[in-house]
Structures are given as structure tokens and as C-alpha cells.
>>> print(open('entry35.txt').read())   # compact mmCIF, C-alpha atoms
# COMPACT_ATOMS: atom_id res chain seq x y z
CA MET A 1 58.01 64.78 125.59
CA ALA A 2 55.36 63.55 123.12
CA PRO A 3 55.94 64.71 119.54
CA ARG A 4 53.87 67.65 118.40
CA VAL A 5 50.67 66.85 116.48
CA LEU A 6 50.41 68.99 113.35
CA VAL A 7 46.84 69.78 112.35
CA VAL A 8 46.44 69.99 108.56
CA GLY A 9 43.53 71.97 107.13
CA THR A 10 41.99 71.21 103.74
CA ARG A 11 38.78 71.41 101.78
CA GLY A 12 36.58 68.34 101.97
CA SER A 13 36.24 67.42 98.29
CA ARG A 14 37.51 64.05 97.10
CA LEU A 15 40.29 65.78 95.13
CA ALA A 16 41.31 68.03 98.05
CA LEU A 17 41.47 65.04 100.39
CA ARG A 18 43.53 63.06 97.89
CA GLN A 19 45.92 65.97 97.49
CA THR A 20 46.25 66.26 101.25
CA GLU A 21 46.93 62.52 101.40
CA LEU A 22 49.80 63.03 98.93
CA ILE A 23 51.27 65.73 101.17
CA VAL A 24 50.92 63.54 104.26
CA GLU A 25 52.66 60.68 102.43
CA ALA A 26 55.50 63.03 101.46
CA PHE A 27 55.88 64.16 105.09
CA ARG A 28 56.02 60.62 106.38
CA ALA A 29 58.69 59.62 103.87
CA TYR A 30 61.01 62.17 105.55
CA HIS A 31 59.51 62.22 109.04
CA PRO A 32 57.98 58.82 109.89
CA GLU A 33 57.62 59.91 113.52
CA LEU A 34 55.42 62.86 112.58
CA ARG A 35 51.84 62.88 113.89
CA LEU A 36 49.35 64.56 111.55
CA ASP A 37 45.66 65.25 112.08
CA VAL A 38 43.67 66.20 108.94
CA ARG A 39 40.77 68.61 109.45
CA THR A 40 38.30 69.54 106.69
CA ILE A 41 37.07 73.12 106.39
CA ARG A 42 34.14 74.24 104.23
CA THR A 43 34.93 77.31 102.15
CA GLU A 44 32.71 79.89 100.48
CA GLY A 45 33.50 78.31 97.11
CA ASP A 46 32.18 74.99 98.44
CA ARG A 47 29.06 76.49 100.00
CA ARG A 48 28.13 78.34 96.81
CA ALA A 49 29.06 75.56 94.41
CA SER A 50 26.59 76.58 91.70
CA ALA A 51 27.48 80.30 91.54
CA PRO A 52 29.97 81.55 88.91
CA LEU A 53 33.38 82.13 90.51
CA ALA A 54 33.56 85.72 89.22
CA GLN A 55 30.25 86.44 90.97
CA ILE A 56 31.41 85.27 94.41
CA GLY A 57 34.89 86.78 94.36
CA GLY A 58 37.08 84.74 92.03
CA GLN A 59 40.48 83.88 93.45
CA GLY A 60 40.46 83.25 97.17
CA VAL A 61 36.98 81.75 97.55
CA PHE A 62 38.48 78.30 98.15
CA VAL A 63 41.09 79.40 100.69
CA LYS A 64 39.83 82.29 102.89
CA GLU A 65 38.27 80.17 105.63
CA ILE A 66 41.25 77.82 105.70
CA GLU A 67 43.69 80.72 105.95
CA ALA A 68 41.60 82.25 108.75
CA ALA A 69 41.79 78.97 110.70
CA LEU A 70 45.56 78.93 110.18
CA ALA A 71 45.92 82.52 111.38
CA ARG A 72 43.80 81.70 114.47
CA ARG A 73 46.11 78.73 115.20
CA GLU A 74 43.24 76.25 114.91
CA ILE A 75 45.34 74.40 112.31
CA ASP A 76 49.11 74.34 111.76
CA LEU A 77 49.31 73.73 108.02
CA ALA A 78 46.98 74.30 105.08
CA VAL A 79 47.03 72.33 101.83
CA HIS A 80 45.80 74.15 98.72
CA SER A 81 45.80 73.82 94.97
CA LEU A 82 48.28 76.60 94.32
CA LYS A 83 46.13 78.07 91.56
CA ASP A 84 43.48 78.88 94.20
CA LEU A 85 45.83 81.10 96.22
CA PRO A 86 45.63 84.85 95.52
CA ALA A 87 48.84 86.50 94.31
CA GLU A 88 49.08 88.43 97.58
CA LEU A 89 49.14 86.16 100.63
CA THR A 90 47.44 86.93 103.93
CA PRO A 91 49.94 88.77 106.21
CA GLY A 92 51.61 86.39 108.66
CA LEU A 93 51.25 83.38 106.35
CA THR A 94 53.72 81.93 103.88
CA ILE A 95 53.90 79.21 101.24
CA ALA A 96 56.29 76.94 103.10
CA ALA A 97 56.42 74.12 100.56
CA ILE A 98 55.61 73.47 96.92
CA PRO A 99 56.27 69.76 96.29
CA GLU A 100 57.12 68.48 92.81
CA ARG A 101 54.49 69.83 90.45
CA GLY A 102 51.97 67.60 88.69
CA ASP A 103 50.93 68.00 85.06
CA PRO A 104 50.07 71.71 84.62
CA ARG A 105 48.11 71.22 81.40
CA ASP A 106 44.39 71.28 80.66
CA ALA A 107 42.54 68.22 79.38
CA LEU A 108 39.36 67.67 77.36
CA VAL A 109 36.87 65.06 78.55
CA SER A 110 34.21 64.13 75.99
CA ARG A 111 31.90 61.28 75.18
CA ALA A 112 33.23 58.65 72.78
CA GLY A 113 36.76 60.08 72.94
CA ALA A 114 36.17 63.07 70.66
CA THR A 115 39.02 65.60 70.49
CA LEU A 116 38.40 69.34 70.23
CA ALA A 117 38.94 69.17 66.46
CA SER A 118 36.45 66.31 66.04
CA LEU A 119 33.62 67.72 68.17
CA PRO A 120 30.55 68.67 66.11
CA PRO A 121 29.99 72.29 65.01
CA GLY A 122 28.61 74.40 67.85
CA ALA A 123 29.54 71.83 70.49
CA SER A 124 28.93 72.86 74.10
CA ILE A 125 32.03 72.71 76.32
CA GLY A 126 31.70 73.08 80.05
CA THR A 127 34.15 75.25 81.96
CA GLY A 128 33.88 77.77 84.77
CA SER A 129 37.07 79.46 83.58
CA ALA A 130 37.19 82.57 81.39
CA ARG A 131 40.81 81.65 80.62
CA ARG A 132 39.77 78.31 79.13
CA ALA A 133 36.75 79.78 77.32
CA VAL A 134 38.83 82.44 75.56
CA GLN A 135 41.44 79.96 74.42
CA LEU A 136 38.80 77.45 73.31
CA ARG A 137 37.23 80.10 71.10
CA ALA A 138 40.65 80.94 69.65
CA LEU A 139 41.08 77.27 68.70
CA ARG A 140 37.46 76.62 67.64
CA PRO A 141 35.46 79.84 67.18
CA ASP A 142 32.24 77.87 66.68
CA VAL A 143 32.16 76.04 70.03
CA GLU A 144 29.99 77.29 72.89
CA PRO A 145 31.66 77.48 76.31
CA ILE A 146 29.07 76.76 79.03
CA ASP A 147 29.60 77.85 82.64
CA VAL A 148 29.96 74.66 84.68
CA ARG A 149 31.05 74.34 88.30
CA GLY A 150 31.30 71.50 90.78
CA ASN A 151 33.87 68.92 91.77
CA VAL A 152 35.68 66.75 89.24
CA ASP A 153 33.18 63.87 89.46
CA THR A 154 30.24 66.24 89.01
CA ARG A 155 31.72 67.82 85.92
CA VAL A 156 32.61 64.49 84.33
CA ARG A 157 29.07 63.28 85.03
CA LYS A 158 27.66 66.27 83.13
CA VAL A 159 29.45 64.94 80.04
CA ASP A 160 28.25 61.38 80.57
CA GLU A 161 24.65 62.52 81.05
CA GLY A 162 24.70 64.70 77.93
CA GLU A 163 24.37 68.05 79.67
CA VAL A 164 27.41 69.24 77.70
CA ASP A 165 29.37 67.70 74.83
CA ALA A 166 32.69 68.01 76.68
CA ILE A 167 34.45 69.73 79.56
CA VAL A 168 37.92 71.19 79.97
CA ILE A 169 39.52 70.35 83.30
CA ALA A 170 42.99 70.25 84.87
CA ALA A 171 44.88 67.13 83.85
CA ALA A 172 46.46 66.92 87.32
CA GLY A 173 43.05 66.66 88.98
CA LEU A 174 42.04 63.80 86.72
CA ASP A 175 45.36 62.07 87.32
CA ARG A 176 45.20 62.34 91.12
CA LEU A 177 41.72 60.79 91.11
CA GLY A 178 42.69 57.97 88.75
CA LEU A 179 40.54 59.42 85.96
CA LEU A 180 43.20 60.42 83.44
CA ASP A 181 41.95 57.73 81.06
CA ARG A 182 38.80 59.86 80.64
CA ALA A 183 40.83 62.56 78.87
CA SER A 184 40.33 62.43 75.11
CA GLU A 185 42.94 65.16 74.61
CA VAL A 186 45.56 66.93 76.73
CA PHE A 187 46.24 70.41 75.38
CA SER A 188 49.80 71.53 74.73
CA PRO A 189 50.79 74.84 76.38
CA GLU A 190 51.09 76.26 72.85
CA ALA A 191 47.38 75.59 72.35
CA MET A 192 46.12 76.42 75.85
CA LEU A 193 48.13 78.08 78.59
CA PRO A 194 47.16 76.89 82.09
CA ALA A 195 46.20 78.89 85.14
CA VAL A 196 49.01 80.30 87.25
CA GLY A 197 50.23 77.50 89.52
CA GLN A 198 48.02 74.83 87.93
CA GLY A 199 49.11 71.30 88.80
CA ALA A 200 51.08 72.45 91.85
CA LEU A 201 50.16 71.97 95.49
CA ALA A 202 51.02 74.54 98.14
CA VAL A 203 51.42 73.99 101.86
CA GLU A 204 50.85 77.19 103.79
CA ALA A 205 52.04 77.83 107.34
CA ARG A 206 52.39 80.74 109.75
CA ASP A 207 55.65 82.55 109.14
CA ASP A 208 56.46 82.48 112.88
CA ASP A 209 56.11 78.68 113.20
CA ALA A 210 59.79 77.74 112.93
CA GLU A 211 59.20 74.04 113.61
CA ALA A 212 56.58 73.66 110.87
CA LEU A 213 58.69 75.66 108.41
CA GLU A 214 61.69 73.42 109.04
CA ILE A 215 59.62 70.28 108.48
CA LEU A 216 58.01 71.67 105.32
CA ALA A 217 61.36 72.62 103.80
CA THR A 218 62.11 68.90 103.35
CA ILE A 219 59.30 68.44 100.81
CA ASP A 220 59.86 71.67 98.88
CA ASP A 221 60.87 71.15 95.21
CA ARG A 222 63.13 73.95 93.97
CA PRO A 223 62.29 73.81 90.21
CA SER A 224 58.54 73.71 90.95
CA ARG A 225 58.81 76.59 93.42
CA LEU A 226 60.82 78.78 91.03
CA ALA A 227 58.44 78.13 88.13
CA CYS A 228 55.43 78.97 90.29
CA GLU A 229 57.12 82.06 91.74
CA ALA A 230 57.63 83.37 88.19
CA GLU A 231 53.99 82.71 87.29
CA ARG A 232 52.69 84.33 90.47
CA ALA A 233 54.93 87.36 89.89
CA PHE A 234 53.36 87.68 86.42
CA LEU A 235 49.91 87.69 88.03
CA ARG A 236 50.87 90.19 90.75
CA ARG A 237 52.28 92.62 88.20
CA LEU A 238 49.12 92.39 86.09
CA GLY A 239 47.06 93.39 89.08
CA GLY A 240 46.82 90.55 91.59
CA GLY A 241 43.13 89.76 91.62
CA CYS A 242 42.83 90.50 87.90
CA MET A 243 39.48 89.15 86.68
CA LEU A 244 40.48 89.23 83.02
CA PRO A 245 41.30 85.95 81.24
CA PHE A 246 45.00 85.21 81.64
CA GLY A 247 47.35 82.26 81.95
CA ALA A 248 51.03 81.50 82.30
CA LEU A 249 53.42 78.57 82.43
CA ALA A 250 57.06 78.62 83.49
CA THR A 251 59.55 75.78 83.15
CA VAL A 252 62.98 75.33 84.70
CA ASP A 253 65.78 73.60 82.81
CA GLY A 254 68.93 73.49 84.92
CA GLU A 255 69.56 77.09 85.88
CA THR A 256 67.41 78.59 83.11
CA LEU A 257 63.79 79.58 83.53
CA ALA A 258 61.43 80.25 80.61
CA ILE A 259 57.90 81.59 80.96
CA ARG A 260 55.13 82.28 78.49
CA GLY A 261 51.88 84.03 79.29
CA PHE A 262 48.80 85.70 77.86
CA ILE A 263 46.06 88.10 78.86
CA ALA A 264 42.83 88.90 77.02
CA ASP A 265 40.43 91.82 77.13
CA ALA A 266 37.04 91.46 78.81
CA THR A 267 35.38 90.38 75.55
CA GLY A 268 38.01 87.73 74.90
CA GLU A 269 38.50 89.07 71.39
CA ARG A 270 42.04 90.42 71.88
CA LEU A 271 44.73 88.09 73.22
CA LEU A 272 48.20 89.39 73.96
CA ARG A 273 50.99 86.84 74.37
CA GLY A 274 54.62 87.01 75.39
CA GLU A 275 57.64 85.00 76.47
CA GLU A 276 60.65 85.70 78.67
CA ARG A 277 63.63 83.71 79.92
CA GLY A 278 66.57 84.18 82.24
CA LYS A 279 68.35 82.76 85.27
CA ALA A 280 66.13 80.52 87.40
CA ASN A 281 67.11 82.33 90.59
CA ASP A 282 65.61 85.50 89.11
CA ALA A 283 62.18 83.86 88.83
CA GLU A 284 60.11 86.72 90.20
CA THR A 285 61.96 89.31 88.12
CA ILE A 286 61.39 87.29 84.95
CA GLY A 287 57.68 86.87 85.69
CA GLY A 288 57.33 90.59 86.32
CA ARG A 289 59.20 91.34 83.11
CA LEU A 290 56.75 89.23 81.12
CA ALA A 291 53.84 91.13 82.64
CA ASP A 292 55.51 94.43 81.71
CA ARG A 293 55.87 93.14 78.14
CA VAL A 294 52.15 92.39 77.68
CA LEU A 295 51.12 95.53 79.56
CA ALA A 296 53.19 97.59 77.14
CA GLN A 297 51.57 95.79 74.20
CA GLY A 298 48.16 97.07 75.29
CA ALA A 299 47.13 95.00 78.28
CA ALA A 300 47.41 98.03 80.54
CA ALA A 301 44.28 99.39 78.85
CA PHE A 302 42.50 96.03 79.41
CA VAL A 303 43.31 96.09 83.12
CA GLU A 304 42.37 99.76 83.51
CA ALA A 305 39.02 99.19 81.80
CA ALA A 306 38.30 96.12 83.95
CA GLU A 307 39.11 97.97 87.16
CA ALA A 308 36.94 100.92 86.13
CA GLY A 309 34.02 98.77 85.10
>>> encode(input="entry35.txt", output="C-alpha cells")
Amino acid sequence: MAPRVLVVGTRGSRLALRQTELIVEAFRAYHPELRLDVRTIRTEGDRRASAPLAQIGGQGVFVKEIEAALARREIDLAVHSLKDLPAELTPGLTIAAIPERGDPRDALVSRAGATLASLPPGASIGTGSARRAVQLRALRPDVEPIDVRGNVDTRVRKVDEGEVDAIVIAAAGLDRLGLLDRASEVFSPEAMLPAVGQGALAVEARDDDAEALEILATIDDRPSRLACEAERAFLRRLGGGCMLPFGALATVDGETLAIRGFIADATGERLLRGEERGKANDAETIGGRLADRVLAQGAAAFVEAAEAG
């Protein structure tokens, strides 16, 4: 019998295709006999590339069409940037593999190698992320975050052409495209907490596809999965599709997991931060506990106001 051909769904951007290529390479290292067919799928986030993410639905706009194709059995696997996946997965689908995570941090790209501290007063910094904008203002209250969308190349070009003085972008995306040398600064998590799951890739499959799940288990990285599970539990407890600025980063050291996170109010003027740690196997509990900590500090009122408004 001929081996099964697994159809892999992905977005069509240069970064998405490179990330899918990394997943395919990982598969073939363990399963050289595996036959894979990559299929690109255009998502709402791609079709409406100039609209602010909050305006077109925020989390999920880069994955809905791909998940629908997976549920309809048009594809067998879906490769995503984990940060694009909503906290609550589509019923019948599961994150079957999270390979070893890339750099989760944010990076600054500017002309002439300027760091955030050395940018001129009132500098314009492009980012489509409220999370980044809030933390930029906390570091440099005088800078002006400008809403910028588009793929990595497009955003870097906006800096080169003088449309903005700098951009903030995921370090992992730059690295995967061979553009990390464009980063003039990589922010420490103490300065800027990343998005939940940033730097990690997720391979989604149907939860009834035993063969695909067995294959995917070979490329799953336990420390990366546990860290991301803690971060996603933090997000779920805050309110899943929460449109407020928030970020989190978990790390696993042996059998210990530590997570830090923040959430801000809608104005970005109040930031609440917290940290938790515990046994790595209790990842989701620890992430939920961190959310409870910031909710008790006052974030519950932020979330309630955002949901009401």
C-alpha cells in the first residue's frame, strides 16, 4: 500500500511558508518516508491586510479559514504561529505538536541602528499591537506608536523608506527570514513581555486522526509545550479573546516552570504585573493562578469594562 500523503495547510506569506518548511524538515528527520503536500490558504487577516487587527476580530483572523479546511478534511495538518491561535480551540481540533520554541522576544528595527533609548524625541514606532504600544510608552512616554500592518518585509520597508522611525517585531520572525541582523535591539522580557506563544509554532490536527497525532508526537518539545500551555491558560483565565493589552512568558528549567505576565486597561495607563512558579507538569494551573493574581489586583475591572464597552 502506498504511504499516506499528508496535506499541510498554511498561510501564503514568506514567513508562513518558511515556518512550514521548518516543520516539514522536522518531520522528515524522523519520518524520511513521509509524503507531504503543502497547500496555501488565504485568511481574512491576509485579505484585509491594511485593517487594524482589533477592527477585524483580533485573534483568530489568521487561522479561521485554515481550521475550517482542516475540519472539512481538505487538509490533514495546519501550521500556525502559536500566538495567532485563540485560547479556545475549534471543537474537534487539537494542537498536536509544538516543536522547540524560537526566540520569544520582541525586536526593534530602526534606521542607522538606533536603539529605543537613542531614538529622537517623539519618534514614530510602527506596531499593530496594543501590547507593544503600551509597553513602549512605559519605556519611552514620548514616542508615538503608529498602527502598522503587513508582512515582515513590508514593515521593514516602512522603516527604510522613512514612513516610521522604527518598528517593533517578533525576533523569531526576523530570524526565520534571515533578517535578524536588522534588529538594532532585542528587548528583554523585563522590558517588554511578548505575546502569548510568541516564537512558537503549532501544528494542529483533527483529534480523531490517530495516524497524524502519532507522527506529530515525534516533533513535540515538552518544555516548549508546557511553557506555552501556561501562557495560554493565563489568557483563557483572563477572558480568552481579551482585547486588552496583555502579554506573558513562561520558562521551564528542569521540572520548574516560572511565568510572568501583565495586563493593562483600555487606555494603557494602568499596567498590572505578576509572577508565579511551580512544578512544570502543573503548567495550566500555574498560568491560571497568575491570571487570578492580576485579576485580584484590579484587572477584573479592566476586563469587565472592556466587555461592556
>>> atom_distance(input="entry35.txt", atom1="CA of Ala306 (chain A)", atom2="CA of Leu244 (chain A)")
7.3 Å
>>> atom_distance(input="entry35.txt", atom1="CA of Ala130 (chain A)", atom2="CA of Leu177 (chain A)")
24.3 Å
>>> closest_atom_pairs(input="entry35.txt", of="region 99-135 of chain A", to="region 264-276 of chain A", cutoff="9 Å", atoms="all atoms listed in the file", output="Markdown table")
| residue | atom | partner | partner_atom | distance |
| --- | --- | --- | --- | --- |
| A:Ala130 | CA | A:Gly268 | CA | 8.3 |
| A:Arg131 | CA | A:Ala264 | CA | 8.3 |
| A:Ala133 | CA | A:Gly268 | CA | 8.4 |
| A:Val134 | CA | A:Gly268 | CA | 5.4 |
| A:Gln135 | CA | A:Gly268 | CA | 8.5 |
>>> closest_residue(input="entry35.txt", among="A:Phe27, A:Asp37, A:Ile263, A:Gly288", to="Phe302 (chain A)", atoms="only C-alpha atoms")
A:Ile263
>>> atom_distance(input="entry35.txt", atom1="CA of Cys228 (chain A)", atom2="CA of Val196 (chain A)")
7.2 Å
>>> closest_residue(input="entry35.txt", among="A:Arg232, A:Arg140, A:Lys279, A:His80", to="Leu15 (chain A)", atoms="all atoms listed in the file")
A:His80
>>> residues_around(input="entry35.txt", residues="Pro189 (chain A)", least_positions_apart="4", cutoff="12 Å", atoms="only C-alpha atoms", output="VMD selection string")
chain A and resid 103 to 107 132 135 193 to 195 198 247 to 251 259 to 262
>>> residues_around(input="entry35.txt", residues="region 109-126 of chain A", least_positions_apart="6", cutoff="6 Å", atoms="all atoms listed in the file", output="PyMOL selection string")
chain A and resi 142-148+164-167+182-185
>>> residues_around(input="entry35.txt", residues="Gly239 (chain A)", least_positions_apart="3", cutoff="12 Å", atoms="all atoms listed in the file", output="list in words")
Pro86, Ala87, Glu88, Arg232, Ala233, Phe234, Leu235, Arg236, Cys242, Met243, Leu244, Phe246, Ile263, Gly288, Ala291, Asp292, Leu295, Ala299, Ala300, Phe302, Val303, Glu304, Ala306 and Glu307 of chain A
>>> closest_residue(input="entry35.txt", among="A:Leu89, A:Val203, A:Leu34, A:Val294", to="Arg225 (chain A)", atoms="only C-alpha atoms")
A:Val203
>>> residues_near_point(input="entry35.txt", point="(40.1, 66.9, 107.9)", cutoff="9 Å", atoms="only C-alpha atoms", output="PyMOL selection string")
chain A and resi 7-12+17+37-41
>>> residues_near_point(input="entry35.txt", point="(67.8, 83.2, 77.6)", cutoff="10 Å", atoms="all atoms listed in the file", output="list of chain:residue names")
A:Thr256, A:Leu257, A:Ala258, A:Glu276, A:Arg277, A:Gly278, A:Lys279
>>> decode(input="entry35.txt", residues="region 173-196 of chain A", atoms="N, CA and C atoms", output="short mmCIF file (atom, residue, chain, number, x, y, z; two decimals), in the first residue's frame")
data_model
loop_
_atom_site.label_atom_id
_atom_site.label_comp_id
_atom_site.auth_asym_id
_atom_site.auth_seq_id
_atom_site.Cartn_x
_atom_site.Cartn_y
_atom_site.Cartn_z
N GLY A 173 10.50 35.95 13.91
CA GLY A 173 10.16 36.16 12.51
C GLY A 173 11.35 36.68 11.72
N LEU A 174 12.06 37.64 12.31
CA LEU A 174 13.27 38.15 11.65
C LEU A 174 14.28 37.03 11.46
N ASP A 175 14.48 36.25 12.51
CA ASP A 175 15.47 35.18 12.47
C ASP A 175 15.13 34.15 11.39
N ARG A 176 13.88 33.74 11.31
CA ARG A 176 13.50 32.70 10.35
C ARG A 176 13.63 33.18 8.90
N LEU A 177 13.59 34.49 8.70
CA LEU A 177 13.74 35.04 7.35
C LEU A 177 15.16 35.52 7.07
N GLY A 178 16.08 35.25 8.00
CA GLY A 178 17.46 35.67 7.81
C GLY A 178 17.66 37.17 7.93
N LEU A 179 16.78 37.83 8.69
CA LEU A 179 16.83 39.29 8.82
C LEU A 179 17.19 39.75 10.23
N LEU A 180 17.67 38.85 11.07
CA LEU A 180 17.92 39.23 12.45
C LEU A 180 18.98 40.33 12.56
N ASP A 181 19.85 40.43 11.56
CA ASP A 181 20.87 41.48 11.60
C ASP A 181 20.26 42.87 11.46
N ARG A 182 18.97 42.96 11.07
CA ARG A 182 18.29 44.26 11.00
C ARG A 182 17.85 44.75 12.38
N ALA A 183 17.87 43.89 13.38
CA ALA A 183 17.44 44.29 14.72
C ALA A 183 18.51 45.17 15.36
N SER A 184 18.13 46.37 15.76
CA SER A 184 19.06 47.24 16.48
C SER A 184 19.00 46.99 17.98
N GLU A 185 17.95 46.31 18.42
CA GLU A 185 17.80 45.99 19.85
C GLU A 185 16.81 44.84 19.98
N VAL A 186 17.11 43.91 20.86
CA VAL A 186 16.17 42.85 21.22
C VAL A 186 15.79 43.08 22.68
N PHE A 187 14.51 43.27 22.93
CA PHE A 187 14.05 43.65 24.27
C PHE A 187 14.07 42.46 25.23
N SER A 188 14.56 42.69 26.42
CA SER A 188 14.48 41.66 27.46
C SER A 188 13.03 41.50 27.89
N PRO A 189 12.65 40.33 28.40
CA PRO A 189 11.27 40.16 28.89
C PRO A 189 10.96 41.13 30.03
N GLU A 190 11.97 41.55 30.78
CA GLU A 190 11.74 42.52 31.85
C GLU A 190 11.28 43.86 31.28
N ALA A 191 11.78 44.20 30.08
CA ALA A 191 11.39 45.46 29.45
C ALA A 191 10.09 45.33 28.67
N MET A 192 9.93 44.22 27.95
CA MET A 192 8.75 44.04 27.11
C MET A 192 8.35 42.57 27.07
N LEU A 193 7.23 42.26 27.70
CA LEU A 193 6.75 40.88 27.68
C LEU A 193 6.12 40.58 26.32
N PRO A 194 6.41 39.40 25.77
CA PRO A 194 5.89 39.04 24.45
C PRO A 194 4.43 38.62 24.49
N ALA A 195 3.89 38.39 23.29
CA ALA A 195 2.55 37.83 23.17
C ALA A 195 2.57 36.38 23.64
N VAL A 196 1.44 35.91 24.09
CA VAL A 196 1.28 34.51 24.48
C VAL A 196 1.65 33.62 23.29
#
